[in-house]
Amino acid sequence: MRITLHIWRQPNAQTPGKMVRYEVPNVNQEMSFLEMLDVLNEDLIGKGEEPVAFDHDCREGICGMCGAMVNGMAHGPLPATTLCQLHMRHFKDGDVLYVEPWRAKAFPVVKDLVVDRSAFDRIIAAGGYVSVSTGSAPDGNAVLVPKEDADRAMDAAACIGCGACVATCPNAAAALFTGAKIAHLGLLPQGQPERDSRATAMVAQAAAEGFGSCTNIGECEAVCPKEIKLEVIARMNRDFIRAAWSGRYTSAHK
Amino acid sequence: MELNSKSPDGPIETRWERHRFHLKLVNPANKRKYTILMVGTGLAGGSAAASLGELGYNVKCFCFQDSPRRAHSIAAQGGINAAKNYHNDGDSVYRLFYDTVKGGDFRARESNVYRLAQISVNIIDQCVAQGVPFAREYSGYLDNRSFGGAQVSRTFYARGQTGQQLLLGAYQALERQVGAGQVQMFPRTEMLDLIVVDGRARGIVTRNLMTGKIETHFGDAVVLGTGGYGNLFYLSTNAKGSNATAIWRAHKRGALFANPCFTQIHPTCIPVSGDYQSKLTLMSESLRNDGRVWVPKNGGDKREPNAIPEADRDYYLERRYPSFGNLVPRDVASRNAKAVCDDGRGVGESGLAVYLDFRDAIQRLGEHTIKERYGNLFDMYERITGENPYKVPMRIYPAIHYTMGGLWVDYNLMSTIPGLYVVGEANFSDHGANRLGASALMQGLADGYFVLPNTIGDYLASNKFDSIDAGHAAVREAEGKVNDTIRRLLGAKGTRSVDSYHRELGKILWEYCGMARTAEGLKTALNEIPALREQFWRDVRVLGNGEELNQSLEKAGRVADFFELAELMCLDALERNESCGGHFREEYQTPDGEAARDDEHYSYAAAWEFTGVGKSPVLHKEPLNFEYVHPTQRSYK
């Protein structure tokens with residue numbers, strides 16, 4: 001089948017970008033979306049034009065490196081699917097697709113479809129962990145975890161850090177991402193001692209990075225390739241308020 | 001060069017403990033005076049960087065991805081082994097040790113494997129404490145499942161995303177150290193050379209992938225945790241960016257490369273669908289717990305799988321290996337899949353696939369249970385193939401998945417270059433000629449959390465380190481070489497893309513150095529690879545420049561290294577005149593088609609020394625002694 005692409009081309013962060021039209025006449029329906037971009041890129045290289053830069057790595061939907069807006073939808077039209085797992089059988093001959101990078105103040109464009117998501121790492125560094133140095137752990141079965149809690153923690157922990165939630169949010173909020181980690185660790189007994197400080201520090205870092213605030217629109221949940229639920233944002237808010245009222249969190253914590 | 005494995009002797013149960021006692025220590029106040037360069041942030045690299053930071057060392061940590069959380073360990077699905085014996089089913093440290101030595105077809109170092117089995121139990125504890133959401137029973141206790149090559153349930157898992165959850169645990173520990181200022185993180189930064197000063201690893205040359213800037217970093221030791229080289233084959237289950245550049249360039253600086261021909265073909269991957277295919281996707285081995293592998297009894301049976309009655313199906317693994325059945329090790333399962341397809345009984349459009357059928361398991365356990373166990377894998381399969389595996393059997397075929405070979409390391413995980421350590425899949429250490437399922441995660445984390453942090457101090461405490469000047473001749477030489485390579489790649493201005501060369505190399509390797517190898521085929525490959533390599537350097541087309549993000553240039557450098565490593569792999573396969581584990585030479589098989597090892601002549605690790613591109617490398621042998629598990633023909637019947 002034949003697909004017409006309008007792709008955002010931007011040589012670097014300093015130079016303004018623009019949409020450029022490409023025709024891909026030989027798309028096979030078994031191809032993934034990224035394989036279609038591979039085919040386009042091979043064609044461009046053949047013509048002596050620079051290929052489209054896009055981030056990708058595992059191509060199994062788990063590393064979280066790929067992602068783009070396809071016709072205004074983060075990771076394209078299929079629910080619970082990263083761009084690398086979106087196959088062309090979901091499109092039809094003659095379709096016209098607009099492909100753009102994630103757009104958010106905290107995710108500056110590096111080149112074409114590639115953006116800088118290092119803000120996410122800094123949110124995790126602010127408190128998205130359990131402080132257990134190697135060697136100090138008790139036996140794995142010393143602390144029991146009810147299956148329901150472990151399952152819900154796993155639901156939240158499935159986040160791949162792709163940034164689709166931010167890209168789709170009209171406020172460019174990182175609430176789903178931040179909430180997912182706060183919920184994952186807050187649901188487990190191992191995460192309790194630092195629950196207050198974690199919520200406070202991570203929320204503060206997200207704000208400092210220039211992400212917006214959550215206004216409960218819910219678009220993030222709709223596009224999340226791992227189906228992280230809005231409930232994690234409720235947990236984040238509750239933990240944040242709990243921390244503020246508990247008095248246990250002091251500035252001595254980072 | 002004599003290879004000293006530094007492997008302790010005496011009773012195997014206490015080797016690691018006694019060895020650790022004899023290692024020198026760096027006192028806590030002095031640790032901050034040392035800088036360690038850590039390349040790679042997967043399970044091994046990430047856990048090592050975090051643990052070294054916790055100990056108080058200054059760590060500079062590098063990865064080519066945009067975040068350390070992307071490392072390909074994240075894609076491991078099935079689980080991680082540990083000899084906890086929580087199920088009272090006869091497991092023990094000794095049994096895990098035994099299974100691993102046997103599973104590796106008696107080509108691993110006993111001391112290392114025993115230590116790995118011992119440490120396995122600490123890993124689970126550590127990960128649970130970090131908040132890794134392992135699967136639980138209703139009682140709240142940790143759940144387990146069984147995996148190929150084992151008859152006990154010792155595999156811990158987090159749905160089908162165990163690698164993801166373990167990696168995020170290590171990543172979070174790493175970010176904690178970044179937040180504390182103990183680790184400095186350099187994402188989107190690729191190591192392009194090793195700096196060796198006075199015979200010791202003292203630094204690396206890197207390229208900032210965003211700006212193209214070539215930089216040098218100095219330290220007192222360098223650790224490589226950069227993963228395996230499966231992408232040599234172009235189509236593999238590895239991530240697209242996975243590469244061998246760091247280990248290969250360290251090899252060219254003097255680190256011996258061991259057992260390059262020991263590559264693992266995973267039996268359960270989604271088959272190739274066309275020429276545009278960019279990678280292959282694994283379906284976790286855990287599926288073989290409940291899925292039954294079969295092909296039609298008769299070649300040319302084109303009926304829909306569900307229309308083929310029981311009598312016309314050949315459950316060939318259950319038939320040939322009644323005691324292990326569908327849970328035979330990966331190399332055995334892969335070779336059998338190839339055999340039935342070669343026999344004309346393969347299924348699907350290409351005839352290069354076998355069925356993995358869940359019909360009976362769904363009848364026995366209900367769709368709900370199967371969904372709970374494998375839901376995300378089934379979803380992934382359907383997303384890729386458009387078929388519903390709850391209704392029709394999956395089609396699977398073997399694909400390159402893991403590489404047991406890697407840089408040679410001693411018991412301390414140090415390579416033949418003093419001060420250069422290698423952890424995880426990047427080294428050759430623990431899996432011999434075949435890795436058992438759920439053992440890669442175990443080894444990566446054992447190396448990173450528990451082995452390296454103990455052994456590296458001995459080297460630091462035993463040596464004096466002068467500061468390195470950026471103007472040092474060795475530094476300038478390494479930098480110059482990197483710039484030169486980049487200029488050559490950009491300057492070729494040829495006609496063909498990097499990918500087209502990579503695909504062609506992959507085809508040669510899959511044909512001649514894949515699931516079955518022959519002396520004749522390997523010789524053909526050894527003729528074709530250098531010719532293609534020369535053409536590549538003359539004719540490759542890399543557009544753009546070196547001063548900004550340039551993904552073609554990144555790939556070009558990696559593929560250039562793949563060409564050289566591919567040649568060594570074929571040479572190693574040709575030199576090893578036996579079949580063992582993942583290395584199957586058609587000339588050496590038992591009458592019923594199983595691998596025929598030659599312990600008399602090949603019971604060694606082959607460690608190769610680089611002598612120049614296109615020149616014959618020198619083979620060094622580390623003899624392997626088996627004091628505890630005596631080599632026998634592996635039998636899974």
# chains A, B, ... in the order shown; residues from 1 in each chain; ligands from 1
call {"tool": "select_by_dssp", "arguments": {"residues": "range 210-399 of chain B", "states": "strand (DSSP E)", "output": "PDB file with N, CA and C atoms, in the first residue's frame"}}
result
ATOM      1  N   ILE B 214      34.203  14.734  20.533  1.00  0.00           N
ATOM      2  CA  ILE B 214      35.047  13.631  21.000  1.00  0.00           C
ATOM      3  C   ILE B 214      35.698  14.073  22.311  1.00  0.00           C
ATOM      4  N   GLU B 215      35.515  13.262  23.355  1.00  0.00           N
ATOM      5  CA  GLU B 215      36.035  13.629  24.673  1.00  0.00           C
ATOM      6  C   GLU B 215      36.830  12.477  25.273  1.00  0.00           C
ATOM      7  N   THR B 216      37.664  12.808  26.255  1.00  0.00           N
ATOM      8  CA  THR B 216      38.387  11.755  26.966  1.00  0.00           C
ATOM      9  C   THR B 216      38.001  11.818  28.447  1.00  0.00           C
ATOM     10  N   HIS B 217      37.939  10.655  29.064  1.00  0.00           N
ATOM     11  CA  HIS B 217      37.646  10.557  30.499  1.00  0.00           C
ATOM     12  C   HIS B 217      38.700   9.653  31.114  1.00  0.00           C
ATOM     13  N   PHE B 218      39.205  10.056  32.255  1.00  0.00           N
ATOM     14  CA  PHE B 218      40.242   9.268  32.915  1.00  0.00           C
ATOM     15  C   PHE B 218      39.752   8.719  34.244  1.00  0.00           C
ATOM     16  N   ALA B 221      40.189   2.748  37.052  1.00  0.00           N
ATOM     17  CA  ALA B 221      39.805   1.462  36.468  1.00  0.00           C
ATOM     18  C   ALA B 221      38.650   1.722  35.507  1.00  0.00           C
ATOM     19  N   VAL B 222      38.508   0.829  34.535  1.00  0.00           N
ATOM     20  CA  VAL B 222      37.428   0.934  33.550  1.00  0.00           C
ATOM     21  C   VAL B 222      36.631  -0.359  33.602  1.00  0.00           C
ATOM     22  N   VAL B 223      35.316  -0.247  33.631  1.00  0.00           N
ATOM     23  CA  VAL B 223      34.456  -1.432  33.652  1.00  0.00           C
ATOM     24  C   VAL B 223      33.545  -1.408  32.431  1.00  0.00           C
ATOM     25  N   LEU B 224      33.520  -2.490  31.689  1.00  0.00           N
ATOM     26  CA  LEU B 224      32.622  -2.592  30.543  1.00  0.00           C
ATOM     27  C   LEU B 224      31.452  -3.506  30.887  1.00  0.00           C
ATOM     28  N   PHE B 257      39.687 -12.052  23.581  1.00  0.00           N
ATOM     29  CA  PHE B 257      38.267 -12.309  23.335  1.00  0.00           C
ATOM     30  C   PHE B 257      38.058 -13.821  23.383  1.00  0.00           C
ATOM     31  N   ALA B 258      37.168 -14.275  24.276  1.00  0.00           N
ATOM     32  CA  ALA B 258      37.030 -15.713  24.485  1.00  0.00           C
ATOM     33  C   ALA B 258      35.758 -16.291  23.863  1.00  0.00           C
ATOM     34  N   THR B 263      27.333 -18.751  20.520  1.00  0.00           N
ATOM     35  CA  THR B 263      26.183 -17.854  20.413  1.00  0.00           C
ATOM     36  C   THR B 263      24.924 -18.656  20.688  1.00  0.00           C
ATOM     37  N   GLN B 264      23.949 -18.012  21.268  1.00  0.00           N
ATOM     38  CA  GLN B 264      22.734 -18.738  21.606  1.00  0.00           C
ATOM     39  C   GLN B 264      21.594 -18.391  20.658  1.00  0.00           C
ATOM     40  N   ILE B 265      21.026 -19.445  20.125  1.00  0.00           N
ATOM     41  CA  ILE B 265      19.872 -19.293  19.260  1.00  0.00           C
ATOM     42  C   ILE B 265      18.664 -19.616  20.125  1.00  0.00           C
ATOM     43  N   HIS B 266      17.764 -18.663  20.258  1.00  0.00           N
ATOM     44  CA  HIS B 266      16.596 -18.892  21.104  1.00  0.00           C
ATOM     45  C   HIS B 266      15.498 -19.558  20.300  1.00  0.00           C
ATOM     46  N   PRO B 267      14.912 -20.629  20.835  1.00  0.00           N
ATOM     47  CA  PRO B 267      13.963 -21.395  20.020  1.00  0.00           C
ATOM     48  C   PRO B 267      12.619 -20.712  19.778  1.00  0.00           C
ATOM     49  N   THR B 268      12.221 -19.787  20.655  1.00  0.00           N
ATOM     50  CA  THR B 268      10.856 -19.283  20.522  1.00  0.00           C
ATOM     51  C   THR B 268      10.817 -17.793  20.177  1.00  0.00           C
ATOM     52  N   CYS B 269      10.988 -17.502  18.890  1.00  0.00           N
ATOM     53  CA  CYS B 269      10.880 -16.129  18.429  1.00  0.00           C
ATOM     54  C   CYS B 269       9.816 -16.067  17.330  1.00  0.00           C
ATOM     55  N   ARG B 292       2.712 -26.441  23.937  1.00  0.00           N
ATOM     56  CA  ARG B 292       3.275 -27.682  23.391  1.00  0.00           C
ATOM     57  C   ARG B 292       3.741 -27.411  21.960  1.00  0.00           C
ATOM     58  N   VAL B 293       4.980 -27.850  21.694  1.00  0.00           N
ATOM     59  CA  VAL B 293       5.576 -27.593  20.385  1.00  0.00           C
ATOM     60  C   VAL B 293       5.254 -28.744  19.443  1.00  0.00           C
ATOM     61  N   TRP B 294       4.769 -28.419  18.246  1.00  0.00           N
ATOM     62  CA  TRP B 294       4.502 -29.487  17.280  1.00  0.00           C
ATOM     63  C   TRP B 294       4.565 -29.000  15.837  1.00  0.00           C
ATOM     64  N   VAL B 295       4.675 -29.974  14.942  1.00  0.00           N
ATOM     65  CA  VAL B 295       4.520 -29.730  13.501  1.00  0.00           C
ATOM     66  C   VAL B 295       3.663 -30.871  12.955  1.00  0.00           C
ATOM     67  N   PRO B 296       3.106 -30.708  11.755  1.00  0.00           N
ATOM     68  CA  PRO B 296       2.354 -31.827  11.171  1.00  0.00           C
ATOM     69  C   PRO B 296       3.278 -33.038  10.969  1.00  0.00           C
ATOM     70  N   ARG B 313      -0.364 -35.021  14.247  1.00  0.00           N
ATOM     71  CA  ARG B 313       0.570 -34.039  14.810  1.00  0.00           C
ATOM     72  C   ARG B 313       1.788 -34.759  15.376  1.00  0.00           C
ATOM     73  N   ASP B 314       2.940 -34.106  15.254  1.00  0.00           N
ATOM     74  CA  ASP B 314       4.158 -34.663  15.852  1.00  0.00           C
ATOM     75  C   ASP B 314       4.658 -33.694  16.931  1.00  0.00           C
ATOM     76  N   VAL B 354       7.472 -23.431  13.578  1.00  0.00           N
ATOM     77  CA  VAL B 354       6.774 -24.568  14.190  1.00  0.00           C
ATOM     78  C   VAL B 354       5.669 -23.998  15.070  1.00  0.00           C
ATOM     79  N   TYR B 355       4.728 -24.849  15.460  1.00  0.00           N
ATOM     80  CA  TYR B 355       3.635 -24.363  16.305  1.00  0.00           C
ATOM     81  C   TYR B 355       4.006 -24.448  17.786  1.00  0.00           C
ATOM     82  N   LEU B 356       3.539 -23.452  18.536  1.00  0.00           N
ATOM     83  CA  LEU B 356       3.596 -23.496  19.998  1.00  0.00           C
ATOM     84  C   LEU B 356       2.147 -23.330  20.439  1.00  0.00           C
ATOM     85  N   ASP B 357       1.580 -24.416  20.934  1.00  0.00           N
ATOM     86  CA  ASP B 357       0.132 -24.532  21.037  1.00  0.00           C
ATOM     87  C   ASP B 357      -0.333 -24.517  22.491  1.00  0.00           C
ATOM     88  N   MET B 394       0.621 -20.319  18.298  1.00  0.00           N
ATOM     89  CA  MET B 394       1.659 -19.382  17.869  1.00  0.00           C
ATOM     90  C   MET B 394       2.541 -20.073  16.850  1.00  0.00           C
ATOM     91  N   ARG B 395       3.109 -19.275  15.940  1.00  0.00           N
ATOM     92  CA  ARG B 395       4.162 -19.792  15.071  1.00  0.00           C
ATOM     93  C   ARG B 395       5.480 -19.220  15.576  1.00  0.00           C
ATOM     94  N   ILE B 396       6.443 -20.103  15.782  1.00  0.00           N
ATOM     95  CA  ILE B 396       7.723 -19.636  16.311  1.00  0.00           C
ATOM     96  C   ILE B 396       8.879 -20.230  15.505  1.00  0.00           C
ATOM     97  N   TYR B 397      10.016 -19.566  15.586  1.00  0.00           N
ATOM     98  CA  TYR B 397      11.227 -20.083  14.948  1.00  0.00           C
ATOM     99  C   TYR B 397      12.435 -19.546  15.713  1.00  0.00           C
ATOM    100  N   PRO B 398      13.543 -20.294  15.700  1.00  0.00           N
ATOM    101  CA  PRO B 398      14.724 -19.834  16.442  1.00  0.00           C
ATOM    102  C   PRO B 398      15.332 -18.545  15.877  1.00  0.00           C
ATOM    103  N   ALA B 399      15.952 -17.786  16.761  1.00  0.00           N
ATOM    104  CA  ALA B 399      16.672 -16.568  16.353  1.00  0.00           C
ATOM    105  C   ALA B 399      17.819 -16.317  17.326  1.00  0.00           C
TER     106      ALA B 399
END
call {"tool": "residues_around", "arguments": {"residues": "Asn171 in chain A", "least_positions_apart": "5", "cutoff": "8 Å", "atoms": "only C-alpha atoms", "output": "list of chain:residue names"}}
result
A:Val166, A:Phe211, A:Gly212, A:Ser213, A:Cys214, A:Thr215
call {"tool": "write_last_selection", "arguments": {"atoms": "C-alpha atoms", "output": "PDB file, in the first residue's frame"}}
result
ATOM      1  CA  VAL A 166       3.511  14.413  28.707  1.00  0.00           C
ATOM      2  CA  PHE A 211       6.234  20.171  33.454  1.00  0.00           C
ATOM      3  CA  GLY A 212       2.723  21.540  33.966  1.00  0.00           C
ATOM      4  CA  SER A 213       0.162  20.618  36.577  1.00  0.00           C
ATOM      5  CA  CYS A 214      -2.458  17.925  36.257  1.00  0.00           C
ATOM      6  CA  THR A 215      -6.010  19.111  35.661  1.00  0.00           C
TER       7      THR A 215
END
call {"tool": "residues_around", "arguments": {"residues": "range 178-188 of chain A", "least_positions_apart": "3", "cutoff": "9 Å", "atoms": "only C-alpha atoms", "output": "VMD selection string"}}
result
(chain A and resid 120 123 to 124 127 to 130 145 149 to 150 152 to 159 174 to 175 191 to 192 194 to 195 198 to 199 202 to 203 206 228 to 237 239) or (chain B and resid 130 to 133)
call {"tool": "write_last_selection", "arguments": {"atoms": "N, CA and C atoms", "output": "compact mmCIF listing (two decimals), in the first residue's frame"}}
result
# COMPACT_ATOMS: atom_id res chain seq x y z
N PHE A 120 13.02 13.25 32.99
CA PHE A 120 12.45 12.07 33.66
C PHE A 120 13.47 11.42 34.61
N ILE A 123 13.70 13.34 37.76
CA ILE A 123 12.56 13.12 38.68
C ILE A 123 12.80 11.84 39.49
N ILE A 124 13.29 10.79 38.83
CA ILE A 124 13.58 9.55 39.55
C ILE A 124 14.71 9.78 40.55
N GLY A 127 13.90 10.98 44.06
CA GLY A 127 13.30 10.16 45.12
C GLY A 127 12.61 8.88 44.65
N GLY A 128 12.72 8.54 43.40
CA GLY A 128 12.01 7.38 42.86
C GLY A 128 12.72 6.07 43.11
N TYR A 129 12.99 5.78 44.37
CA TYR A 129 13.74 4.57 44.70
C TYR A 129 13.47 4.20 46.16
N VAL A 130 13.94 3.00 46.52
CA VAL A 130 13.99 2.61 47.93
C VAL A 130 15.47 2.65 48.31
N VAL A 145 4.09 -9.76 50.97
CA VAL A 145 3.35 -8.73 50.25
C VAL A 145 2.06 -9.35 49.73
N ASP A 149 -1.66 -6.32 46.37
CA ASP A 149 -0.77 -5.16 46.41
C ASP A 149 0.37 -5.32 45.41
N ALA A 150 0.93 -6.53 45.37
CA ALA A 150 2.03 -6.77 44.42
C ALA A 150 1.55 -6.56 42.99
N ARG A 152 -0.97 -4.67 41.94
CA ARG A 152 -1.23 -3.26 41.65
C ARG A 152 0.09 -2.49 41.55
N ALA A 153 1.05 -2.86 42.37
CA ALA A 153 2.38 -2.22 42.27
C ALA A 153 2.97 -2.50 40.89
N MET A 154 2.79 -3.74 40.44
CA MET A 154 3.30 -4.12 39.11
C MET A 154 2.59 -3.33 38.01
N ASP A 155 1.28 -3.15 38.15
CA ASP A 155 0.54 -2.35 37.15
C ASP A 155 1.18 -0.98 36.99
N ALA A 156 1.53 -0.36 38.11
CA ALA A 156 2.13 0.98 38.06
C ALA A 156 3.57 0.92 37.58
N ALA A 157 4.28 -0.14 38.01
CA ALA A 157 5.71 -0.26 37.68
C ALA A 157 5.93 -0.56 36.20
N ALA A 158 4.86 -0.89 35.48
CA ALA A 158 4.99 -1.24 34.06
C ALA A 158 5.34 -0.02 33.20
N CYS A 159 5.29 1.17 33.76
CA CYS A 159 5.62 2.41 33.02
C CYS A 159 6.98 2.26 32.34
N ALA A 174 3.73 15.85 33.91
CA ALA A 174 4.38 14.54 34.04
C ALA A 174 3.73 13.77 35.18
N ALA A 175 2.44 14.05 35.40
CA ALA A 175 1.77 13.47 36.58
C ALA A 175 1.64 11.96 36.47
N GLY A 191 8.46 0.26 50.41
CA GLY A 191 8.48 1.67 50.04
C GLY A 191 7.97 2.61 51.12
N GLN A 192 7.49 2.04 52.25
CA GLN A 192 6.82 2.89 53.25
C GLN A 192 7.72 3.90 53.95
N GLU A 194 10.08 5.77 53.12
CA GLU A 194 10.39 7.01 52.40
C GLU A 194 9.18 7.55 51.64
N ARG A 195 7.99 7.07 51.99
CA ARG A 195 6.82 7.42 51.18
C ARG A 195 6.58 8.93 51.15
N ARG A 198 9.53 10.85 49.37
CA ARG A 198 9.54 10.53 47.94
C ARG A 198 8.52 11.40 47.19
N ALA A 199 7.28 11.39 47.70
CA ALA A 199 6.22 12.13 47.01
C ALA A 199 6.57 13.61 46.95
N MET A 202 9.72 14.21 44.50
CA MET A 202 9.49 13.95 43.08
C MET A 202 8.54 14.98 42.46
N VAL A 203 7.51 15.34 43.21
CA VAL A 203 6.56 16.33 42.69
C VAL A 203 7.28 17.67 42.52
N ALA A 206 9.47 17.55 39.40
CA ALA A 206 8.68 17.63 38.16
C ALA A 206 8.33 19.09 37.86
N ILE A 228 -1.25 2.61 32.14
CA ILE A 228 -1.15 3.10 33.52
C ILE A 228 -2.42 3.90 33.81
N LYS A 229 -3.00 3.64 34.97
CA LYS A 229 -4.30 4.23 35.28
C LYS A 229 -4.16 5.59 35.97
N LEU A 230 -5.17 6.44 35.76
CA LEU A 230 -5.21 7.74 36.43
C LEU A 230 -5.13 7.61 37.95
N GLU A 231 -5.55 6.46 38.44
CA GLU A 231 -5.49 6.21 39.88
C GLU A 231 -4.10 6.53 40.47
N VAL A 232 -3.05 6.34 39.67
CA VAL A 232 -1.71 6.62 40.22
C VAL A 232 -1.54 8.11 40.52
N ILE A 233 -2.24 8.94 39.76
CA ILE A 233 -2.15 10.38 40.04
C ILE A 233 -2.88 10.69 41.35
N ALA A 234 -4.00 10.02 41.56
CA ALA A 234 -4.72 10.20 42.83
C ALA A 234 -3.82 9.78 44.00
N ARG A 235 -3.12 8.67 43.82
CA ARG A 235 -2.21 8.21 44.88
C ARG A 235 -1.10 9.23 45.12
N MET A 236 -0.58 9.77 44.02
CA MET A 236 0.49 10.77 44.15
C MET A 236 -0.03 11.98 44.95
N ASN A 237 -1.21 12.45 44.58
CA ASN A 237 -1.76 13.62 45.26
C ASN A 237 -1.99 13.32 46.74
N ASP A 239 -0.46 11.06 48.60
CA ASP A 239 0.82 10.95 49.31
C ASP A 239 1.46 12.32 49.51
N GLN B 130 14.41 -3.62 47.09
CA GLN B 130 14.33 -2.41 46.26
C GLN B 130 12.91 -2.10 45.82
N GLY B 131 12.01 -3.06 46.04
CA GLY B 131 10.64 -2.85 45.59
C GLY B 131 10.33 -3.45 44.23
N VAL B 132 11.15 -4.41 43.79
CA VAL B 132 10.81 -5.10 42.54
C VAL B 132 9.53 -5.92 42.78
N PRO B 133 8.48 -5.67 42.00
CA PRO B 133 7.20 -6.34 42.26
C PRO B 133 7.15 -7.75 41.67
call {"tool": "interface_residues", "arguments": {"of": "chain A", "to": "chain B", "cutoff": "7 Å", "atoms": "only C-alpha atoms", "output": "NGL selection string"}}
result
:A and (35 or 42 or 45 or 50 or 53 or 57-60 or 62-65 or 85 or 87 or 118 or 124-126 or 128-130 or 132-135 or 137-141 or 144-147 or 150 or 153-154 or 185 or 188 or 190-191)
call {"tool": "select_by_dssp", "arguments": {"residues": "range 99-171 of chain A", "states": "helix (DSSP H, G or I)", "output": "list in words"}}
result
Ser118, Ala119, Phe120, Asp121, Arg122, Ile123, Ile124, Ala125, Ala126, Gly127, Lys147, Glu148, Asp149, Ala150, Asp151, Arg152, Ala153, Met154, Asp155, Ala156, Ala157, Ala164, Cys165, Val166, Ala167 and Thr168 of chain A
call {"tool": "decode", "arguments": {"residues": "range 71-87 of chain A", "atoms": "N, CA and C atoms", "output": "short mmCIF file (atom, residue, chain, number, x, y, z; two decimals), in the first residue's frame"}}
result
data_model
loop_
_atom_site.label_atom_id
_atom_site.label_comp_id
_atom_site.auth_asym_id
_atom_site.auth_seq_id
_atom_site.Cartn_x
_atom_site.Cartn_y
_atom_site.Cartn_z
N ASN A 71 -0.73 11.72 13.48
CA ASN A 71 -2.03 12.40 13.33
C ASN A 71 -2.54 12.90 14.69
N GLY A 72 -1.64 13.47 15.45
CA GLY A 72 -2.02 14.09 16.72
C GLY A 72 -2.17 13.12 17.87
N MET A 73 -1.94 11.83 17.62
CA MET A 73 -2.07 10.86 18.72
C MET A 73 -0.70 10.30 19.09
N ALA A 74 -0.41 10.32 20.39
CA ALA A 74 0.88 9.82 20.84
C ALA A 74 0.97 8.32 20.57
N HIS A 75 2.01 7.87 19.91
CA HIS A 75 2.22 6.48 19.50
C HIS A 75 1.19 6.00 18.48
N GLY A 76 0.42 6.92 17.89
CA GLY A 76 -0.53 6.51 16.86
C GLY A 76 -1.86 6.05 17.41
N PRO A 77 -2.71 5.54 16.52
CA PRO A 77 -4.13 5.34 16.88
C PRO A 77 -4.44 4.10 17.71
N LEU A 78 -3.53 3.15 17.81
CA LEU A 78 -3.88 1.89 18.46
C LEU A 78 -3.68 1.99 19.98
N PRO A 79 -4.67 1.60 20.77
CA PRO A 79 -4.47 1.70 22.22
C PRO A 79 -3.42 0.71 22.73
N ALA A 80 -2.79 1.05 23.84
CA ALA A 80 -1.84 0.17 24.52
C ALA A 80 -0.72 -0.32 23.61
N THR A 81 -0.25 0.55 22.72
CA THR A 81 0.74 0.13 21.74
C THR A 81 1.78 1.23 21.53
N THR A 82 3.05 0.87 21.66
CA THR A 82 4.10 1.83 21.34
C THR A 82 4.24 1.93 19.82
N LEU A 83 4.92 2.97 19.38
CA LEU A 83 5.06 3.19 17.95
C LEU A 83 5.74 2.00 17.26
N CYS A 84 6.71 1.38 17.94
CA CYS A 84 7.45 0.26 17.32
C CYS A 84 6.57 -0.97 17.17
N GLN A 85 5.51 -1.05 17.95
CA GLN A 85 4.62 -2.21 17.90
C GLN A 85 3.36 -1.93 17.09
N LEU A 86 3.27 -0.72 16.56
CA LEU A 86 2.13 -0.35 15.72
C LEU A 86 2.42 -0.88 14.32
N HIS A 87 1.56 -1.75 13.82
CA HIS A 87 1.82 -2.32 12.50
C HIS A 87 0.95 -1.68 11.43
#
